>>> print(open('upload19.cif').read())   # mmCIF, N, CA and C atoms
data_data
#
loop_
_atom_site.label_atom_id
_atom_site.label_comp_id
_atom_site.auth_asym_id
_atom_site.auth_seq_id
_atom_site.Cartn_x
_atom_site.Cartn_y
_atom_site.Cartn_z
N MET E 1 26.98 -49.29 0.56
CA MET E 1 26.08 -48.96 1.61
C MET E 1 25.39 -47.64 1.31
N SER E 2 24.16 -47.67 1.38
CA SER E 2 23.41 -46.43 1.18
C SER E 2 22.92 -45.91 2.52
N LYS E 3 23.01 -44.62 2.63
CA LYS E 3 22.54 -44.00 3.86
C LYS E 3 21.06 -43.71 3.72
N LYS E 4 20.36 -43.97 4.77
CA LYS E 4 18.94 -43.65 4.77
C LYS E 4 18.79 -42.20 5.22
N THR E 5 18.00 -41.49 4.47
CA THR E 5 17.76 -40.11 4.87
C THR E 5 16.57 -40.06 5.82
N LYS E 6 16.74 -39.29 6.84
CA LYS E 6 15.66 -39.14 7.80
C LYS E 6 14.72 -38.04 7.33
N ARG E 7 13.50 -38.28 7.47
CA ARG E 7 12.50 -37.27 7.15
C ARG E 7 12.10 -36.58 8.44
N PHE E 8 12.11 -35.30 8.37
CA PHE E 8 11.71 -34.53 9.53
C PHE E 8 10.21 -34.38 9.57
N LYS E 9 9.72 -34.33 10.76
CA LYS E 9 8.30 -34.14 10.95
C LYS E 9 7.94 -32.71 10.55
N GLU E 10 6.92 -32.58 9.72
CA GLU E 10 6.50 -31.25 9.31
C GLU E 10 5.73 -30.61 10.45
N LEU E 11 6.08 -29.39 10.72
CA LEU E 11 5.42 -28.67 11.79
C LEU E 11 4.36 -27.75 11.22
N SER E 12 3.29 -27.66 11.91
CA SER E 12 2.27 -26.70 11.52
C SER E 12 2.20 -25.64 12.61
N PRO E 13 2.11 -24.39 12.23
CA PRO E 13 2.11 -23.33 13.23
C PRO E 13 0.87 -23.40 14.11
N THR E 14 1.07 -23.14 15.35
CA THR E 14 -0.05 -23.12 16.29
C THR E 14 0.03 -21.84 17.10
N ASN E 15 -1.09 -21.38 17.51
CA ASN E 15 -1.13 -20.19 18.35
C ASN E 15 -0.75 -20.57 19.78
N THR E 16 0.14 -19.80 20.35
CA THR E 16 0.51 -19.98 21.74
C THR E 16 0.43 -18.63 22.42
N LYS E 17 0.78 -18.60 23.65
CA LYS E 17 0.75 -17.36 24.42
C LYS E 17 1.75 -16.34 23.83
N LEU E 18 2.88 -16.80 23.34
CA LEU E 18 3.92 -15.91 22.84
C LEU E 18 3.91 -15.74 21.32
N PHE E 19 3.24 -16.63 20.63
CA PHE E 19 3.27 -16.58 19.16
C PHE E 19 1.86 -16.73 18.61
N LYS E 20 1.51 -15.83 17.70
CA LYS E 20 0.23 -15.92 17.01
C LYS E 20 0.51 -16.06 15.52
N THR E 21 -0.17 -16.98 14.87
CA THR E 21 0.01 -17.12 13.43
C THR E 21 -0.60 -15.90 12.75
N PRO E 22 0.10 -15.38 11.76
CA PRO E 22 -0.42 -14.18 11.10
C PRO E 22 -1.68 -14.48 10.32
N SER E 23 -2.63 -13.59 10.42
CA SER E 23 -3.84 -13.74 9.62
C SER E 23 -3.68 -12.88 8.37
N LEU E 24 -4.51 -13.13 7.42
CA LEU E 24 -4.45 -12.34 6.20
C LEU E 24 -4.88 -10.91 6.51
N ILE E 25 -4.12 -9.97 6.00
CA ILE E 25 -4.41 -8.57 6.25
C ILE E 25 -5.22 -8.02 5.09
N ASP E 26 -6.31 -7.36 5.41
CA ASP E 26 -7.14 -6.74 4.39
C ASP E 26 -6.69 -5.30 4.22
N TYR E 27 -5.79 -5.05 3.26
CA TYR E 27 -5.25 -3.72 3.05
C TYR E 27 -6.29 -2.76 2.48
N ASP E 28 -7.38 -3.29 1.93
CA ASP E 28 -8.44 -2.42 1.43
C ASP E 28 -9.18 -1.72 2.56
N ALA E 29 -9.02 -2.19 3.78
CA ALA E 29 -9.65 -1.54 4.93
C ALA E 29 -8.79 -0.38 5.45
N TYR E 30 -7.58 -0.23 4.94
CA TYR E 30 -6.67 0.84 5.36
C TYR E 30 -6.84 2.08 4.49
N LYS E 31 -6.43 3.21 5.04
CA LYS E 31 -6.34 4.43 4.26
C LYS E 31 -5.04 4.37 3.47
N PRO E 32 -5.02 4.95 2.26
CA PRO E 32 -3.82 4.85 1.44
C PRO E 32 -2.67 5.72 1.94
N ALA E 33 -1.47 5.25 1.69
CA ALA E 33 -0.25 6.03 1.85
C ALA E 33 0.26 6.26 0.44
N PHE E 34 1.02 7.33 0.25
CA PHE E 34 1.47 7.69 -1.09
C PHE E 34 2.99 7.73 -1.15
N SER E 35 3.52 7.29 -2.28
CA SER E 35 4.97 7.27 -2.48
C SER E 35 5.31 7.89 -3.82
N PHE E 36 6.29 8.81 -3.81
CA PHE E 36 6.81 9.41 -5.04
C PHE E 36 8.16 8.81 -5.40
N ARG E 37 8.57 7.76 -4.73
CA ARG E 37 9.89 7.17 -4.90
C ARG E 37 10.16 6.74 -6.34
N ASP E 38 9.16 6.24 -7.04
CA ASP E 38 9.38 5.67 -8.37
C ASP E 38 9.19 6.67 -9.50
N ILE E 39 8.87 7.90 -9.19
CA ILE E 39 8.67 8.89 -10.25
C ILE E 39 10.03 9.25 -10.86
N ARG E 40 10.07 9.51 -12.15
CA ARG E 40 11.32 9.83 -12.84
C ARG E 40 11.55 11.34 -12.74
N TYR E 41 12.30 11.75 -11.74
CA TYR E 41 12.47 13.16 -11.40
C TYR E 41 13.05 13.96 -12.57
N GLY E 42 12.41 15.12 -12.82
CA GLY E 42 12.89 16.04 -13.84
C GLY E 42 12.50 15.69 -15.25
N GLN E 43 11.88 14.55 -15.46
CA GLN E 43 11.52 14.14 -16.82
C GLN E 43 10.03 14.36 -17.04
N LYS E 44 9.61 14.20 -18.27
CA LYS E 44 8.20 14.33 -18.62
C LYS E 44 7.38 13.37 -17.74
N GLY E 45 6.32 13.89 -17.14
CA GLY E 45 5.50 13.07 -16.26
C GLY E 45 5.87 13.20 -14.80
N CYS E 46 6.78 14.14 -14.49
CA CYS E 46 7.22 14.34 -13.10
C CYS E 46 6.46 15.51 -12.48
N LEU E 47 6.26 15.45 -11.19
CA LEU E 47 5.62 16.52 -10.44
C LEU E 47 6.37 17.83 -10.60
N SER E 48 7.68 17.76 -10.75
CA SER E 48 8.49 18.98 -10.91
C SER E 48 8.16 19.74 -12.19
N LYS E 49 7.54 19.10 -13.16
CA LYS E 49 7.18 19.74 -14.42
C LYS E 49 5.81 20.41 -14.37
N CYS E 50 5.08 20.22 -13.27
CA CYS E 50 3.75 20.81 -13.13
C CYS E 50 3.86 22.25 -12.65
N ASP E 51 2.90 23.08 -13.05
CA ASP E 51 2.89 24.45 -12.57
C ASP E 51 2.31 24.51 -11.15
N ARG E 52 2.39 25.68 -10.53
CA ARG E 52 1.97 25.85 -9.14
C ARG E 52 0.50 25.48 -8.91
N ASP E 53 -0.39 25.87 -9.83
CA ASP E 53 -1.81 25.56 -9.68
C ASP E 53 -2.07 24.06 -9.70
N ASN E 54 -1.41 23.34 -10.62
CA ASN E 54 -1.59 21.89 -10.68
C ASN E 54 -1.00 21.19 -9.46
N LYS E 55 0.14 21.67 -8.97
CA LYS E 55 0.71 21.10 -7.75
C LYS E 55 -0.26 21.24 -6.59
N SER E 56 -0.92 22.39 -6.51
CA SER E 56 -1.91 22.62 -5.47
C SER E 56 -3.08 21.65 -5.60
N LEU E 57 -3.56 21.45 -6.83
CA LEU E 57 -4.65 20.51 -7.09
C LEU E 57 -4.26 19.08 -6.73
N ILE E 58 -3.01 18.71 -7.02
CA ILE E 58 -2.52 17.36 -6.72
C ILE E 58 -2.50 17.13 -5.22
N VAL E 59 -1.96 18.08 -4.48
CA VAL E 59 -1.91 17.95 -3.02
C VAL E 59 -3.31 17.89 -2.44
N ASP E 60 -4.22 18.70 -2.96
CA ASP E 60 -5.61 18.68 -2.49
C ASP E 60 -6.23 17.31 -2.75
N LYS E 61 -5.99 16.77 -3.93
CA LYS E 61 -6.54 15.44 -4.28
C LYS E 61 -5.97 14.36 -3.37
N LEU E 62 -4.65 14.39 -3.13
CA LEU E 62 -4.03 13.39 -2.25
C LEU E 62 -4.58 13.49 -0.84
N LEU E 63 -4.79 14.70 -0.37
CA LEU E 63 -5.34 14.89 0.98
C LEU E 63 -6.74 14.32 1.08
N LYS E 64 -7.57 14.58 0.08
CA LYS E 64 -8.94 14.05 0.08
C LYS E 64 -8.94 12.52 0.01
N ILE E 65 -8.13 11.96 -0.87
CA ILE E 65 -8.08 10.50 -1.01
C ILE E 65 -7.54 9.85 0.26
N SER E 66 -6.61 10.50 0.92
CA SER E 66 -5.99 9.92 2.11
C SER E 66 -6.97 9.77 3.28
N GLN E 67 -8.12 10.42 3.19
CA GLN E 67 -9.11 10.33 4.26
C GLN E 67 -10.09 9.18 4.05
N LEU E 68 -9.98 8.50 2.91
CA LEU E 68 -10.85 7.38 2.57
C LEU E 68 -10.09 6.07 2.72
N THR E 69 -10.82 4.97 2.85
CA THR E 69 -10.18 3.66 2.80
C THR E 69 -10.12 3.23 1.34
N TRP E 70 -9.29 2.21 1.08
CA TRP E 70 -9.21 1.71 -0.29
C TRP E 70 -10.55 1.15 -0.74
N LYS E 71 -11.33 0.58 0.18
CA LYS E 71 -12.66 0.08 -0.19
C LYS E 71 -13.53 1.21 -0.72
N ASP E 72 -13.47 2.37 -0.02
CA ASP E 72 -14.24 3.53 -0.48
C ASP E 72 -13.76 4.01 -1.84
N ILE E 73 -12.46 4.02 -2.03
CA ILE E 73 -11.88 4.47 -3.30
C ILE E 73 -12.29 3.53 -4.43
N HIS E 74 -12.24 2.21 -4.17
CA HIS E 74 -12.62 1.23 -5.20
C HIS E 74 -14.07 1.42 -5.65
N SER E 75 -14.93 1.79 -4.71
CA SER E 75 -16.34 1.93 -5.05
C SER E 75 -16.71 3.33 -5.54
N GLY E 76 -15.75 4.26 -5.51
CA GLY E 76 -16.01 5.63 -5.93
C GLY E 76 -16.04 5.78 -7.43
N ARG E 77 -16.71 6.83 -7.87
CA ARG E 77 -16.73 7.15 -9.30
C ARG E 77 -15.38 7.72 -9.68
N ARG E 78 -14.92 7.41 -10.88
CA ARG E 78 -13.58 7.85 -11.28
C ARG E 78 -13.47 9.37 -11.36
N GLN E 79 -14.58 10.08 -11.59
CA GLN E 79 -14.52 11.52 -11.69
C GLN E 79 -14.30 12.18 -10.32
N LYS E 80 -14.71 11.51 -9.26
CA LYS E 80 -14.61 12.14 -7.95
C LYS E 80 -13.39 11.60 -7.19
N TYR E 81 -13.50 10.43 -6.59
CA TYR E 81 -12.40 9.88 -5.80
C TYR E 81 -11.89 8.57 -6.35
N GLY E 82 -12.58 8.03 -7.33
CA GLY E 82 -12.17 6.75 -7.87
C GLY E 82 -11.04 6.89 -8.87
N TYR E 83 -10.80 5.83 -9.57
CA TYR E 83 -9.70 5.77 -10.53
C TYR E 83 -10.15 4.94 -11.71
N GLU E 84 -9.32 4.92 -12.72
CA GLU E 84 -9.56 4.05 -13.87
C GLU E 84 -8.30 3.27 -14.18
N HIS E 85 -8.45 2.15 -14.84
CA HIS E 85 -7.32 1.32 -15.24
C HIS E 85 -6.94 1.69 -16.66
N ILE E 86 -5.66 2.04 -16.86
CA ILE E 86 -5.15 2.35 -18.19
C ILE E 86 -4.03 1.36 -18.50
N PRO E 87 -4.09 0.67 -19.66
CA PRO E 87 -3.02 -0.27 -20.02
C PRO E 87 -1.66 0.42 -20.11
N ILE E 88 -0.63 -0.26 -19.65
CA ILE E 88 0.73 0.29 -19.64
C ILE E 88 1.19 0.66 -21.04
N LYS E 89 0.79 -0.12 -22.03
CA LYS E 89 1.26 0.13 -23.39
C LYS E 89 0.71 1.42 -23.98
N GLN E 90 -0.29 2.04 -23.35
CA GLN E 90 -0.85 3.30 -23.85
C GLN E 90 -0.07 4.52 -23.37
N PHE E 91 0.82 4.36 -22.40
CA PHE E 91 1.53 5.51 -21.84
C PHE E 91 2.61 6.01 -22.78
N LYS E 92 2.69 7.34 -22.91
CA LYS E 92 3.68 7.98 -23.77
C LYS E 92 4.97 8.28 -23.01
N VAL E 93 4.88 8.43 -21.69
CA VAL E 93 6.05 8.75 -20.88
C VAL E 93 6.83 7.48 -20.57
N GLN E 94 8.12 7.65 -20.33
CA GLN E 94 8.93 6.50 -19.95
C GLN E 94 8.63 6.16 -18.50
N LEU E 95 8.21 4.94 -18.26
CA LEU E 95 7.86 4.50 -16.92
C LEU E 95 9.08 3.93 -16.20
N PRO E 96 9.12 4.00 -14.89
CA PRO E 96 10.27 3.48 -14.14
C PRO E 96 10.35 1.96 -14.21
N LEU E 97 11.49 1.42 -13.84
CA LEU E 97 11.69 -0.03 -13.87
C LEU E 97 10.76 -0.77 -12.90
N ALA E 98 10.25 -0.06 -11.91
CA ALA E 98 9.33 -0.69 -10.96
C ALA E 98 8.03 -1.12 -11.63
N VAL E 99 7.71 -0.51 -12.75
CA VAL E 99 6.52 -0.89 -13.52
C VAL E 99 6.93 -1.99 -14.48
N THR E 100 6.50 -3.19 -14.18
CA THR E 100 6.88 -4.36 -14.98
C THR E 100 5.76 -4.74 -15.94
N PRO E 101 6.08 -5.41 -17.04
CA PRO E 101 5.05 -5.77 -18.03
C PRO E 101 3.93 -6.65 -17.47
N ASP E 102 4.21 -7.40 -16.41
CA ASP E 102 3.15 -8.25 -15.86
C ASP E 102 2.08 -7.46 -15.12
N MET E 103 2.31 -6.17 -14.89
CA MET E 103 1.31 -5.34 -14.22
C MET E 103 0.12 -5.05 -15.15
N ASN E 104 0.34 -5.00 -16.44
CA ASN E 104 -0.68 -4.75 -17.45
C ASN E 104 -1.27 -3.35 -17.40
N ASN E 105 -1.80 -2.92 -16.25
CA ASN E 105 -2.49 -1.64 -16.12
C ASN E 105 -1.90 -0.81 -14.99
N LEU E 106 -2.09 0.50 -15.10
CA LEU E 106 -1.81 1.40 -13.99
C LEU E 106 -3.12 2.02 -13.53
N LEU E 107 -3.19 2.39 -12.27
CA LEU E 107 -4.35 3.09 -11.75
C LEU E 107 -4.13 4.58 -12.03
N VAL E 108 -5.16 5.24 -12.51
CA VAL E 108 -5.04 6.66 -12.85
C VAL E 108 -6.14 7.44 -12.13
N PHE E 109 -5.72 8.40 -11.31
CA PHE E 109 -6.63 9.30 -10.62
C PHE E 109 -6.68 10.63 -11.36
N ARG E 110 -7.83 11.29 -11.33
CA ARG E 110 -7.97 12.63 -11.90
C ARG E 110 -7.74 13.64 -10.78
N PHE E 111 -6.97 14.68 -11.06
CA PHE E 111 -6.86 15.77 -10.09
C PHE E 111 -7.40 17.08 -10.65
N SER E 112 -7.70 17.10 -11.94
CA SER E 112 -8.38 18.23 -12.59
C SER E 112 -9.05 17.70 -13.84
N ASP E 113 -9.65 18.60 -14.63
CA ASP E 113 -10.32 18.15 -15.85
C ASP E 113 -9.37 17.40 -16.77
N ALA E 114 -8.16 17.92 -16.95
CA ALA E 114 -7.19 17.29 -17.84
C ALA E 114 -6.05 16.61 -17.09
N GLY E 115 -5.88 16.90 -15.80
CA GLY E 115 -4.75 16.39 -15.03
C GLY E 115 -4.95 14.97 -14.54
N ARG E 116 -3.89 14.17 -14.66
CA ARG E 116 -3.94 12.77 -14.24
C ARG E 116 -2.72 12.42 -13.39
N MET E 117 -2.91 11.44 -12.53
CA MET E 117 -1.85 10.93 -11.65
C MET E 117 -1.89 9.41 -11.77
N ALA E 118 -0.82 8.81 -12.32
CA ALA E 118 -0.79 7.38 -12.59
C ALA E 118 0.15 6.68 -11.62
N GLY E 119 -0.20 5.45 -11.25
CA GLY E 119 0.65 4.68 -10.36
C GLY E 119 0.13 3.27 -10.18
N TYR E 120 0.71 2.59 -9.21
CA TYR E 120 0.29 1.23 -8.91
C TYR E 120 0.17 1.07 -7.39
N LYS E 121 -0.61 0.09 -6.98
CA LYS E 121 -0.88 -0.14 -5.57
C LYS E 121 -0.19 -1.42 -5.12
N THR E 122 0.53 -1.32 -3.99
CA THR E 122 1.03 -2.50 -3.31
C THR E 122 0.60 -2.37 -1.86
N GLN E 123 -0.08 -3.37 -1.38
CA GLN E 123 -0.66 -3.35 -0.04
C GLN E 123 -1.53 -2.10 0.09
N ASP E 124 -1.19 -1.18 0.99
CA ASP E 124 -2.01 0.03 1.12
C ASP E 124 -1.31 1.25 0.54
N ILE E 125 -0.20 1.06 -0.16
CA ILE E 125 0.60 2.17 -0.68
C ILE E 125 0.33 2.38 -2.17
N PHE E 126 0.08 3.65 -2.54
CA PHE E 126 -0.07 4.00 -3.94
C PHE E 126 1.23 4.63 -4.40
N HIS E 127 1.93 3.96 -5.30
CA HIS E 127 3.22 4.42 -5.82
C HIS E 127 2.96 5.26 -7.08
N ILE E 128 3.18 6.55 -6.98
CA ILE E 128 2.94 7.46 -8.10
C ILE E 128 4.14 7.42 -9.04
N VAL E 129 3.86 7.16 -10.32
CA VAL E 129 4.95 7.04 -11.30
C VAL E 129 4.92 8.12 -12.38
N ALA E 130 3.76 8.78 -12.57
CA ALA E 130 3.65 9.83 -13.59
C ALA E 130 2.51 10.76 -13.24
N ILE E 131 2.75 12.06 -13.49
CA ILE E 131 1.75 13.09 -13.22
C ILE E 131 1.77 14.07 -14.37
N GLY E 132 0.60 14.53 -14.77
CA GLY E 132 0.55 15.55 -15.80
C GLY E 132 -0.76 15.56 -16.54
N PRO E 133 -0.83 16.36 -17.62
CA PRO E 133 -2.03 16.38 -18.44
C PRO E 133 -2.24 15.04 -19.14
N LYS E 134 -3.47 14.68 -19.29
CA LYS E 134 -3.82 13.39 -19.91
C LYS E 134 -3.13 13.22 -21.26
N HIS E 135 -3.14 14.26 -22.09
CA HIS E 135 -2.57 14.14 -23.44
C HIS E 135 -1.04 13.94 -23.42
N ASP E 136 -0.38 14.30 -22.32
CA ASP E 136 1.06 14.06 -22.21
C ASP E 136 1.38 12.67 -21.68
N LEU E 137 0.47 12.10 -20.89
CA LEU E 137 0.74 10.81 -20.25
C LEU E 137 0.35 9.61 -21.12
N TYR E 138 -0.86 9.64 -21.68
CA TYR E 138 -1.33 8.51 -22.48
C TYR E 138 -2.26 8.97 -23.57
#
>>> encode(input="upload19.cif", output="structure tokens")
Amino acid sequence: MSKKTKRFKELSPTNTKLFKTPSLIDYDAYKPAFSFRDIRYGQKGCLSKCDRDNKSLIVDKLLKISQLTWKDIHSGRRQKYGYEHIPIKQFKVQLPLAVTPDMNNLLVFRFSDAGRMAGYKTQDIFHIVAIGPKHDLY
């Protein structure tokens, strides 16, 4: 004897008074948040290795960028508020495990003529993974 398996009716979400189906969120319309969680503390490419003047420039840059939306940042020139894509394989510093090979590129912001801040974006958060002079990072 074989048992017949019952098929359940597939439900499709519907909007009701108590439940709304989630719509797609456009994170590019948000202002960025910043995370230093993935930076390798105390090692080459860490904020702790920067001098006082560069730390000041970094904070100033983060403050300016935080007042823009990601859409504005995407359309900005890389010299001012924009960024550039640098392949992961070009980096000289050891990157954290959060940076996986499938990412291919990191976003790099300039905070001075030679200073760079590298990281990746998830939703509206920019995860900073390396900071320092360009010649030390890549």
>>> closest_residue(input="upload19.cif", among="E:Lys92, E:Arg77, E:Lys9, E:Arg110", to="Lys44 of chain E", atoms="only C-alpha atoms")
E:Lys92
>>> select_by_dssp(input="upload19.cif", residues="segment 32-100 of chain E", states="helix (DSSP H, G or I)", output="MDAnalysis selection string")
chainID E and resid 47:49 52:65 70:75 88:90
>>> atom_distance(input="upload19.cif", atom1="atom CA of Leu62 of chain E", atom2="atom CA of Leu97 of chain E")
23.7 Å
>>> resolve_selection(input="upload19.cif", expression="the PyMOL selection byres ((chain E and resi 69) around 8)", output="PyMOL selection string")
chain E and resi 27-32+65-68+70-75
>>> write_last_selection(input="upload19.cif", atoms="N, CA and C atoms", output="tab-separated table (two decimals), in the frame of the given file")
chain	number	residue	atom	x	y	z
E	27	TYR	N	-5.79	-5.05	3.26
E	27	TYR	CA	-5.25	-3.72	3.05
E	27	TYR	C	-6.29	-2.76	2.48
E	28	ASP	N	-7.38	-3.29	1.93
E	28	ASP	CA	-8.44	-2.42	1.43
E	28	ASP	C	-9.18	-1.72	2.56
E	29	ALA	N	-9.02	-2.19	3.78
E	29	ALA	CA	-9.65	-1.54	4.93
E	29	ALA	C	-8.79	-0.38	5.45
E	30	TYR	N	-7.58	-0.23	4.94
E	30	TYR	CA	-6.67	0.84	5.36
E	30	TYR	C	-6.84	2.08	4.49
E	31	LYS	N	-6.43	3.21	5.04
E	31	LYS	CA	-6.34	4.43	4.26
E	31	LYS	C	-5.04	4.37	3.47
E	32	PRO	N	-5.02	4.95	2.26
E	32	PRO	CA	-3.82	4.85	1.44
E	32	PRO	C	-2.67	5.72	1.94
E	65	ILE	N	-8.13	11.96	-0.87
E	65	ILE	CA	-8.08	10.50	-1.01
E	65	ILE	C	-7.54	9.85	0.26
E	66	SER	N	-6.61	10.50	0.92
E	66	SER	CA	-5.99	9.92	2.11
E	66	SER	C	-6.97	9.77	3.28
E	67	GLN	N	-8.12	10.42	3.19
E	67	GLN	CA	-9.11	10.33	4.26
E	67	GLN	C	-10.09	9.18	4.05
E	68	LEU	N	-9.98	8.50	2.91
E	68	LEU	CA	-10.85	7.38	2.57
E	68	LEU	C	-10.09	6.07	2.72
E	70	TRP	N	-9.29	2.21	1.08
E	70	TRP	CA	-9.21	1.71	-0.29
E	70	TRP	C	-10.55	1.15	-0.74
E	71	LYS	N	-11.33	0.58	0.18
E	71	LYS	CA	-12.66	0.08	-0.19
E	71	LYS	C	-13.53	1.21	-0.72
E	72	ASP	N	-13.47	2.37	-0.02
E	72	ASP	CA	-14.24	3.53	-0.48
E	72	ASP	C	-13.76	4.01	-1.84
E	73	ILE	N	-12.46	4.02	-2.03
E	73	ILE	CA	-11.88	4.47	-3.30
E	73	ILE	C	-12.29	3.53	-4.43
E	74	HIS	N	-12.24	2.21	-4.17
E	74	HIS	CA	-12.62	1.23	-5.20
E	74	HIS	C	-14.07	1.42	-5.65
E	75	SER	N	-14.93	1.79	-4.71
E	75	SER	CA	-16.34	1.93	-5.05
E	75	SER	C	-16.71	3.33	-5.54
>>> atom_distance(input="upload19.cif", atom1="atom N of Ile25 of chain E", atom2="atom N of Ile39 of chain E")
26.8 Å
>>> closest_residue(input="upload19.cif", among="E:Ala33, E:Val93, E:Leu107, E:Leu137", to="Ile125 of chain E", atoms="all atoms listed in the file")
E:Ala33
>>> atom_distance(input="upload19.cif", atom1="atom CA of Tyr81 of chain E", atom2="atom CA of Lys49 of chain E")
23.6 Å
>>> resolve_selection(input="upload19.cif", expression="the PyMOL selection byres ((chain E and resi 89) around 8)", output="JSON, numbers by chain")
{"E": [86, 87, 88, 90, 91, 92, 104, 105, 106, 138]}
>>> select_by_dssp(input="upload19.cif", residues="chain E", states="strand (DSSP E or B)", output="ChimeraX atom specification")
/E:33-35,84-87,105-110,115-122,125-133
>>> residues_around(input="upload19.cif", residues="Leu47 of chain E", least_positions_apart="2", cutoff="6.5 Å", atoms="all atoms listed in the file", output="MDAnalysis selection string")
chainID E and resid 42 45 49:50 130:131
>>> resolve_selection(input="upload19.cif", expression="the PyMOL selection byres ((chain E and resi 118) around 6.5)", output="ChimeraX atom specification")
/E:106-109,116-117,119-120,127-132
>>> closest_residue(input="upload19.cif", among="E:Arg7, E:Asp38, E:Ala114, E:Leu24", to="Pro96 of chain E", atoms="all atoms listed in the file")
E:Asp38
